file my_file32.cif (mmCIF, N, CA and C atoms)
data_query
loop_
_atom_site.group_PDB
_atom_site.id
_atom_site.type_symbol
_atom_site.label_atom_id
_atom_site.label_comp_id
_atom_site.auth_asym_id
_atom_site.auth_seq_id
_atom_site.Cartn_x
_atom_site.Cartn_y
_atom_site.Cartn_z
ATOM 1 N N MET M 21 88.345 87.861 119.059
ATOM 2 C CA MET M 21 89.760 87.679 118.816
ATOM 3 C C MET M 21 90.528 88.615 119.746
ATOM 4 N N ASN M 22 91.557 88.104 120.357
ATOM 5 C CA ASN M 22 92.369 88.896 121.266
ATOM 6 C C ASN M 22 93.705 89.195 120.606
ATOM 7 N N ILE M 23 94.019 90.471 120.445
ATOM 8 C CA ILE M 23 95.252 90.889 119.797
ATOM 9 C C ILE M 23 96.163 91.498 120.855
ATOM 10 N N ASP M 24 97.394 91.010 120.919
ATOM 11 C CA ASP M 24 98.371 91.504 121.891
ATOM 12 C C ASP M 24 99.035 92.763 121.319
ATOM 13 N N ILE M 25 98.457 93.907 121.620
ATOM 14 C CA ILE M 25 98.939 95.173 121.082
ATOM 15 C C ILE M 25 100.362 95.477 121.556
ATOM 16 N N LYS M 26 100.688 95.099 122.779
ATOM 17 C CA LYS M 26 102.047 95.338 123.277
ATOM 18 C C LYS M 26 103.075 94.602 122.411
ATOM 19 N N ARG M 27 102.748 93.365 122.033
ATOM 20 C CA ARG M 27 103.673 92.581 121.199
ATOM 21 C C ARG M 27 103.768 93.182 119.801
ATOM 22 N N VAL M 28 102.629 93.549 119.232
ATOM 23 C CA VAL M 28 102.624 94.159 117.898
ATOM 24 C C VAL M 28 103.444 95.451 117.922
ATOM 25 N N ALA M 29 103.257 96.250 118.946
ATOM 26 C CA ALA M 29 103.999 97.508 119.067
ATOM 27 C C ALA M 29 105.495 97.248 119.216
ATOM 28 N N LYS M 30 105.849 96.232 119.977
ATOM 29 C CA LYS M 30 107.264 95.909 120.164
ATOM 30 C C LYS M 30 107.891 95.476 118.844
ATOM 31 N N LEU M 31 107.188 94.607 118.096
ATOM 32 C CA LEU M 31 107.716 94.150 116.810
ATOM 33 C C LEU M 31 107.847 95.304 115.815
ATOM 34 N N ALA M 32 106.923 96.262 115.888
ATOM 35 C CA ALA M 32 106.947 97.407 114.980
ATOM 36 C C ALA M 32 107.796 98.554 115.533
ATOM 37 N N ARG M 33 108.379 98.331 116.709
ATOM 38 C CA ARG M 33 109.198 99.349 117.376
ATOM 39 C C ARG M 33 108.426 100.646 117.582
ATOM 40 N N LEU M 34 107.195 100.478 118.083
ATOM 41 C CA LEU M 34 106.337 101.622 118.392
ATOM 42 C C LEU M 34 106.183 101.743 119.895
ATOM 43 N N ARG M 35 106.079 102.963 120.372
ATOM 44 C CA ARG M 35 105.793 103.201 121.781
ATOM 45 C C ARG M 35 104.331 103.607 121.898
ATOM 46 N N ILE M 36 103.566 102.839 122.651
ATOM 47 C CA ILE M 36 102.156 103.157 122.870
ATOM 48 C C ILE M 36 101.957 103.341 124.370
ATOM 49 N N GLU M 37 101.331 104.440 124.721
ATOM 50 C CA GLU M 37 101.086 104.737 126.127
ATOM 51 C C GLU M 37 100.083 103.732 126.690
ATOM 52 N N GLU M 38 100.277 103.371 127.948
ATOM 53 C CA GLU M 38 99.433 102.366 128.614
ATOM 54 C C GLU M 38 97.947 102.690 128.503
ATOM 55 N N GLU M 39 97.594 103.967 128.659
ATOM 56 C CA GLU M 39 96.174 104.334 128.636
ATOM 57 C C GLU M 39 95.559 104.227 127.237
ATOM 58 N N LYS M 40 96.379 104.105 126.210
ATOM 59 C CA LYS M 40 95.860 103.988 124.844
ATOM 60 C C LYS M 40 95.821 102.547 124.344
ATOM 61 N N LEU M 41 96.341 101.600 125.128
ATOM 62 C CA LEU M 41 96.399 100.206 124.693
ATOM 63 C C LEU M 41 95.009 99.636 124.404
ATOM 64 N N ASP M 42 94.051 99.884 125.291
ATOM 65 C CA ASP M 42 92.694 99.355 125.091
ATOM 66 C C ASP M 42 92.074 99.896 123.817
ATOM 67 N N LYS M 43 92.253 101.187 123.569
ATOM 68 C CA LYS M 43 91.702 101.808 122.362
ATOM 69 C C LYS M 43 92.285 101.152 121.109
ATOM 70 N N PHE M 44 93.622 100.982 121.071
ATOM 71 C CA PHE M 44 94.264 100.368 119.922
ATOM 72 C C PHE M 44 93.825 98.915 119.747
ATOM 73 N N GLU M 45 93.669 98.206 120.848
ATOM 74 C CA GLU M 45 93.236 96.814 120.780
ATOM 75 C C GLU M 45 91.832 96.718 120.174
ATOM 76 N N ARG M 46 90.913 97.569 120.621
ATOM 77 C CA ARG M 46 89.556 97.569 120.058
ATOM 78 C C ARG M 46 89.573 97.918 118.569
ATOM 79 N N GLU M 47 90.371 98.916 118.197
ATOM 80 C CA GLU M 47 90.445 99.320 116.795
ATOM 81 C C GLU M 47 91.034 98.205 115.928
ATOM 82 N N MET M 48 92.065 97.538 116.418
ATOM 83 C CA MET M 48 92.686 96.448 115.655
ATOM 84 C C MET M 48 91.721 95.280 115.508
ATOM 85 N N GLU M 49 91.001 94.950 116.569
ATOM 86 C CA GLU M 49 90.004 93.880 116.492
ATOM 87 C C GLU M 49 88.909 94.240 115.496
ATOM 88 N N SER M 50 88.525 95.500 115.449
ATOM 89 C CA SER M 50 87.515 95.961 114.503
ATOM 90 C C SER M 50 88.005 95.806 113.065
ATOM 91 N N ILE M 51 89.256 96.146 112.828
ATOM 92 C CA ILE M 51 89.839 96.015 111.489
ATOM 93 C C ILE M 51 89.887 94.554 111.068
ATOM 94 N N VAL M 52 90.345 93.692 111.967
ATOM 95 C CA VAL M 52 90.429 92.259 111.647
ATOM 96 C C VAL M 52 89.037 91.694 111.378
ATOM 97 N N ALA M 53 88.045 92.094 112.167
ATOM 98 C CA ALA M 53 86.668 91.617 111.962
ATOM 99 C C ALA M 53 86.147 92.074 110.598
ATOM 100 N N MET M 54 86.463 93.293 110.207
ATOM 101 C CA MET M 54 86.026 93.805 108.905
ATOM 102 C C MET M 54 86.651 92.982 107.776
ATOM 103 N N VAL M 55 87.929 92.691 107.894
ATOM 104 C CA VAL M 55 88.618 91.915 106.861
ATOM 105 C C VAL M 55 88.050 90.497 106.796
ATOM 106 N N GLU M 56 87.745 89.911 107.946
ATOM 107 C CA GLU M 56 87.180 88.562 107.956
ATOM 108 C C GLU M 56 85.809 88.516 107.290
ATOM 109 N N ASN M 57 85.082 89.633 107.289
ATOM 110 C CA ASN M 57 83.745 89.683 106.698
ATOM 111 C C ASN M 57 83.743 90.065 105.222
ATOM 112 N N LEU M 58 84.908 90.309 104.632
ATOM 113 C CA LEU M 58 84.954 90.635 103.209
ATOM 114 C C LEU M 58 84.510 89.418 102.398
ATOM 115 N N PRO M 59 83.784 89.626 101.314
ATOM 116 C CA PRO M 59 83.330 88.487 100.510
ATOM 117 C C PRO M 59 84.495 87.821 99.788
ATOM 118 N N GLU M 60 84.339 86.535 99.548
ATOM 119 C CA GLU M 60 85.338 85.792 98.794
ATOM 120 C C GLU M 60 85.314 86.249 97.341
ATOM 121 N N LEU M 61 86.478 86.315 96.726
ATOM 122 C CA LEU M 61 86.551 86.695 95.323
ATOM 123 C C LEU M 61 86.451 85.447 94.454
ATOM 124 N N THR M 62 85.726 85.553 93.384
ATOM 125 C CA THR M 62 85.682 84.464 92.415
ATOM 126 C C THR M 62 86.643 84.789 91.290
ATOM 127 N N ASP M 63 86.965 83.794 90.486
ATOM 128 C CA ASP M 63 87.879 84.016 89.372
ATOM 129 C C ASP M 63 87.339 85.077 88.421
ATOM 130 N N LYS M 64 86.028 85.133 88.251
ATOM 131 C CA LYS M 64 85.432 86.098 87.338
ATOM 132 C C LYS M 64 85.624 87.524 87.831
ATOM 133 N N ALA M 65 85.581 87.719 89.145
ATOM 134 C CA ALA M 65 85.690 89.066 89.700
ATOM 135 C C ALA M 65 87.113 89.610 89.597
ATOM 136 N N VAL M 66 88.085 88.727 89.478
ATOM 137 C CA VAL M 66 89.477 89.147 89.481
ATOM 138 C C VAL M 66 90.034 89.277 88.065
ATOM 139 N N GLY M 67 89.308 88.818 87.087
ATOM 140 C CA GLY M 67 89.825 88.794 85.717
ATOM 141 C C GLY M 67 90.253 90.151 85.204
ATOM 142 N N LEU M 68 91.222 90.121 84.312
ATOM 143 C CA LEU M 68 91.711 91.343 83.697
ATOM 144 C C LEU M 68 90.892 91.658 82.454
ATOM 145 N N ASP M 69 90.782 92.912 82.147
ATOM 146 C CA ASP M 69 90.079 93.365 80.955
ATOM 147 C C ASP M 69 91.048 93.264 79.775
ATOM 148 N N PRO M 70 90.811 92.343 78.823
ATOM 149 C CA PRO M 70 91.759 92.164 77.713
ATOM 150 C C PRO M 70 91.887 93.405 76.832
ATOM 151 N N SER M 71 90.886 94.277 76.843
ATOM 152 C CA SER M 71 90.971 95.473 76.005
ATOM 153 C C SER M 71 91.872 96.540 76.641
ATOM 154 N N ARG M 72 92.207 96.352 77.922
ATOM 155 C CA ARG M 72 93.080 97.312 78.613
ATOM 156 C C ARG M 72 94.205 96.565 79.328
ATOM 157 N N PRO M 73 95.171 96.030 78.563
ATOM 158 C CA PRO M 73 96.250 95.262 79.195
ATOM 159 C C PRO M 73 97.112 96.148 80.093
ATOM 160 N N MET M 74 97.622 95.520 81.124
ATOM 161 C CA MET M 74 98.487 96.241 82.059
ATOM 162 C C MET M 74 99.924 96.164 81.561
ATOM 163 N N GLY M 75 100.601 97.279 81.575
ATOM 164 C CA GLY M 75 102.005 97.300 81.178
ATOM 165 C C GLY M 75 102.876 97.528 82.394
ATOM 166 N N LEU M 76 104.011 96.898 82.404
ATOM 167 C CA LEU M 76 104.954 97.093 83.504
ATOM 168 C C LEU M 76 105.846 98.280 83.195
ATOM 169 N N ARG M 77 106.169 99.033 84.209
ATOM 170 C CA ARG M 77 107.049 100.167 83.990
ATOM 171 C C ARG M 77 108.472 99.660 83.790
ATOM 172 N N GLU M 78 109.235 100.417 83.053
ATOM 173 C CA GLU M 78 110.617 100.060 82.796
ATOM 174 C C GLU M 78 111.459 100.368 84.028
ATOM 175 N N ASP M 79 112.324 99.449 84.396
ATOM 176 C CA ASP M 79 113.227 99.691 85.518
ATOM 177 C C ASP M 79 114.286 100.694 85.101
ATOM 178 N N LYS M 80 114.534 101.646 85.973
ATOM 179 C CA LYS M 80 115.556 102.654 85.699
ATOM 180 C C LYS M 80 116.516 102.708 86.879
ATOM 181 N N ILE M 81 117.790 102.746 86.566
ATOM 182 C CA ILE M 81 118.802 102.866 87.611
ATOM 183 C C ILE M 81 118.866 104.331 88.000
ATOM 184 N N ARG M 82 118.781 104.586 89.295
ATOM 185 C CA ARG M 82 118.858 105.965 89.774
ATOM 186 C C ARG M 82 119.591 105.991 91.104
ATOM 187 N N PRO M 83 120.123 107.129 91.459
ATOM 188 C CA PRO M 83 120.891 107.215 92.712
ATOM 189 C C PRO M 83 120.014 106.924 93.922
ATOM 190 N N SER M 84 120.618 106.304 94.923
ATOM 191 C CA SER M 84 119.905 106.020 96.165
ATOM 192 C C SER M 84 120.819 106.402 97.332
ATOM 193 N N LEU M 85 120.388 106.064 98.534
ATOM 194 C CA LEU M 85 121.187 106.390 99.714
ATOM 195 C C LEU M 85 122.513 105.634 99.713
ATOM 196 N N LYS M 86 123.524 106.291 100.205
ATOM 197 C CA LYS M 86 124.805 105.618 100.407
ATOM 198 C C LYS M 86 124.666 104.739 101.654
ATOM 199 N N ARG M 87 125.428 103.659 101.691
ATOM 200 C CA ARG M 87 125.336 102.706 102.801
ATOM 201 C C ARG M 87 125.512 103.401 104.148
ATOM 202 N N GLY M 88 126.460 104.296 104.256
ATOM 203 C CA GLY M 88 126.711 104.992 105.521
ATOM 204 C C GLY M 88 125.513 105.814 105.973
ATOM 205 N N GLU M 89 124.852 106.479 105.023
ATOM 206 C CA GLU M 89 123.661 107.265 105.365
ATOM 207 C C GLU M 89 122.537 106.359 105.857
ATOM 208 N N LEU M 90 122.350 105.233 105.189
ATOM 209 C CA LEU M 90 121.305 104.300 105.588
ATOM 210 C C LEU M 90 121.581 103.741 106.979
ATOM 211 N N LEU M 91 122.810 103.307 107.195
ATOM 212 C CA LEU M 91 123.156 102.705 108.482
ATOM 213 C C LEU M 91 123.127 103.734 109.613
ATOM 214 N N ALA M 92 123.340 105.000 109.303
ATOM 215 C CA ALA M 92 123.289 106.040 110.334
ATOM 216 C C ALA M 92 121.873 106.182 110.896
ATOM 217 N N ASN M 93 120.855 105.827 110.107
ATOM 218 C CA ASN M 93 119.469 105.932 110.559
ATOM 219 C C ASN M 93 118.955 104.659 111.218
ATOM 220 N N ALA M 94 119.702 103.579 111.141
ATOM 221 C CA ALA M 94 119.254 102.299 111.709
ATOM 222 C C ALA M 94 119.491 102.295 113.221
ATOM 223 N N PRO M 95 118.544 101.723 113.986
ATOM 224 C CA PRO M 95 118.727 101.685 115.444
ATOM 225 C C PRO M 95 119.881 100.793 115.876
ATOM 226 N N GLN M 96 120.170 99.729 115.082
ATOM 227 C CA GLN M 96 121.262 98.830 115.458
ATOM 228 C C GLN M 96 121.873 98.250 114.184
ATOM 229 N N THR M 97 123.201 98.242 114.109
ATOM 230 C CA THR M 97 123.897 97.687 112.947
ATOM 231 C C THR M 97 124.986 96.738 113.410
ATOM 232 N N GLN M 98 125.372 95.859 112.484
ATOM 233 C CA GLN M 98 126.467 94.931 112.774
ATOM 234 C C GLN M 98 127.090 94.513 111.452
ATOM 235 N N ALA M 99 128.391 94.648 111.312
ATOM 236 C CA ALA M 99 129.132 94.253 110.124
ATOM 237 C C ALA M 99 128.542 94.866 108.850
ATOM 238 N N GLY M 100 128.143 96.132 108.925
ATOM 239 C CA GLY M 100 127.621 96.819 107.748
ATOM 240 C C GLY M 100 126.204 96.447 107.371
ATOM 241 N N CYS M 101 125.462 95.806 108.273
ATOM 242 C CA CYS M 101 124.084 95.396 108.008
ATOM 243 C C CYS M 101 123.176 95.927 109.114
ATOM 244 N N VAL M 102 121.894 96.065 108.789
ATOM 245 C CA VAL M 102 120.899 96.484 109.776
ATOM 246 C C VAL M 102 120.478 95.257 110.571
ATOM 247 N N VAL M 103 120.513 95.351 111.893
ATOM 248 C CA VAL M 103 120.093 94.245 112.760
ATOM 249 C C VAL M 103 118.609 94.397 113.048
ATOM 250 N N VAL M 104 117.846 93.321 112.811
ATOM 251 C CA VAL M 104 116.410 93.328 113.060
ATOM 252 C C VAL M 104 116.068 92.190 114.012
ATOM 253 N N PRO M 105 114.938 92.284 114.733
ATOM 254 C CA PRO M 105 114.570 91.200 115.641
ATOM 255 C C PRO M 105 114.211 89.924 114.879
ATOM 256 N N LYS M 106 114.481 88.794 115.487
ATOM 257 C CA LYS M 106 114.133 87.507 114.905
ATOM 258 C C LYS M 106 112.608 87.381 114.867
ATOM 259 N N THR M 107 112.061 87.020 113.709
ATOM 260 C CA THR M 107 110.605 86.918 113.588
ATOM 261 C C THR M 107 110.142 85.499 113.315
ATOM 262 N N VAL M 108 111.049 84.615 112.957
ATOM 263 C CA VAL M 108 110.678 83.236 112.641
ATOM 264 C C VAL M 108 111.416 82.315 113.599
ATOM 265 N N GLU M 109 110.682 81.367 114.166
ATOM 266 C CA GLU M 109 111.304 80.415 115.091
ATOM 267 C C GLU M 109 111.999 79.316 114.320
#

call {"tool": "encode", "arguments": {"input": "my_file32.cif", "output": "structure tokens"}}
result
Amino acid sequence: MNIDIKRVAKLARLRIEEEKLDKFEREMESIVAMVENLPELTDKAVGLDPSRPMGLREDKIRPSLKRGELLANAPQTQAGCVVVPKTVE
């Protein structure tokens, strides 16, 4: 599998030095190969233990960043929103 590390880095807004591109490409291919070799899960393997039900945490309203603070950290903004690259054709 051939992974275009330059494109991945551009989409993630990462700067990767030219001499490190081959290393990252090999590492990414290794990760993808490992994931492709993971065994398929059966319904039995994914089942929940009925004696230990999972509970959802309660949502709590808490203070967060003000819009101005958030937008000050964004690389590009427009009309009060963060501008991101188009990812879907």

call {"tool": "closest_residue", "arguments": {"input": "my_file32.cif", "among": "M:Ile25, M:Leu68, M:Val103, M:Ala92", "to": "M:Lys40", "atoms": "only C-alpha atoms"}}
result
M:Ile25

call {"tool": "atom_distance", "arguments": {"input": "my_file32.cif", "atom1": "atom CA of M:Arg33", "atom2": "atom CA of M:Glu56"}}
result
26.3 Å

call {"tool": "axis_aligned_box", "arguments": {"input": "my_file32.cif", "around": "stretch 65-82 of chain M", "padding_each_side": "4 Å", "output": "AutoDock Vina command-line options"}}
result
--center_x 102.6 --center_y 96.9 --center_z 83.6 --size_x 42.0 --size_y 26.3 --size_z 23.1

call {"tool": "residues_around", "arguments": {"input": "my_file32.cif", "residues": "M:Arg46", "least_positions_apart": "5", "cutoff": "12 Å", "atoms": "only C-alpha atoms", "output": "CSV table (one decimal) with N, CA and C atoms, keeping the file's coordinate frame"}}
result
chain,number,residue,atom,x,y,z
M,21,MET,N,88.3,87.9,119.1
M,21,MET,CA,89.8,87.7,118.8
M,21,MET,C,90.5,88.6,119.7
M,22,ASN,N,91.6,88.1,120.4
M,22,ASN,CA,92.4,88.9,121.3
M,22,ASN,C,93.7,89.2,120.6
M,23,ILE,N,94.0,90.5,120.4
M,23,ILE,CA,95.3,90.9,119.8
M,23,ILE,C,96.2,91.5,120.9
M,24,ASP,N,97.4,91.0,120.9
M,24,ASP,CA,98.4,91.5,121.9
M,24,ASP,C,99.0,92.8,121.3
M,25,ILE,N,98.5,93.9,121.6
M,25,ILE,CA,98.9,95.2,121.1
M,25,ILE,C,100.4,95.5,121.6
M,40,LYS,N,96.4,104.1,126.2
M,40,LYS,CA,95.9,104.0,124.8
M,40,LYS,C,95.8,102.5,124.3
M,41,LEU,N,96.3,101.6,125.1
M,41,LEU,CA,96.4,100.2,124.7
M,41,LEU,C,95.0,99.6,124.4
M,51,ILE,N,89.3,96.1,112.8
M,51,ILE,CA,89.8,96.0,111.5
M,51,ILE,C,89.9,94.6,111.1
M,52,VAL,N,90.3,93.7,112.0
M,52,VAL,CA,90.4,92.3,111.6
M,52,VAL,C,89.0,91.7,111.4
M,53,ALA,N,88.0,92.1,112.2
M,53,ALA,CA,86.7,91.6,112.0
M,53,ALA,C,86.1,92.1,110.6

call {"tool": "closest_residue", "arguments": {"input": "my_file32.cif", "among": "M:Glu89, M:Ile81, M:Val104, M:Glu109", "to": "M:Ala32", "atoms": "only C-alpha atoms"}}
result
M:Val104

call {"tool": "select_by_dssp", "arguments": {"input": "my_file32.cif", "residues": "chain M", "states": "strand (DSSP E)", "output": "list in words"}}
result
Thr97, Gln98, Cys101 and Val102 of chain M

call {"tool": "atom_distance", "arguments": {"input": "my_file32.cif", "atom1": "atom CA of M:Leu76", "atom2": "atom CA of M:Leu90"}}
result
28.4 Å

call {"tool": "select_by_dssp", "arguments": {"input": "my_file32.cif", "residues": "chain M", "states": "helix (DSSP H, G or I)", "output": "ChimeraX atom specification"}}
result
/M:25-31,38-56,63-66,87-93

call {"tool": "residues_around", "arguments": {"input": "my_file32.cif", "residues": "M:Arg87", "least_positions_apart": "5", "cutoff": "12 Å", "atoms": "only C-alpha atoms", "output": "MDAnalysis selection string"}}
result
chainID M and resid 92:94 97 99:102

call {"tool": "atom_distance", "arguments": {"input": "my_file32.cif", "atom1": "atom C of M:Val28", "atom2": "atom N of M:Glu60"}}
result
28.0 Å
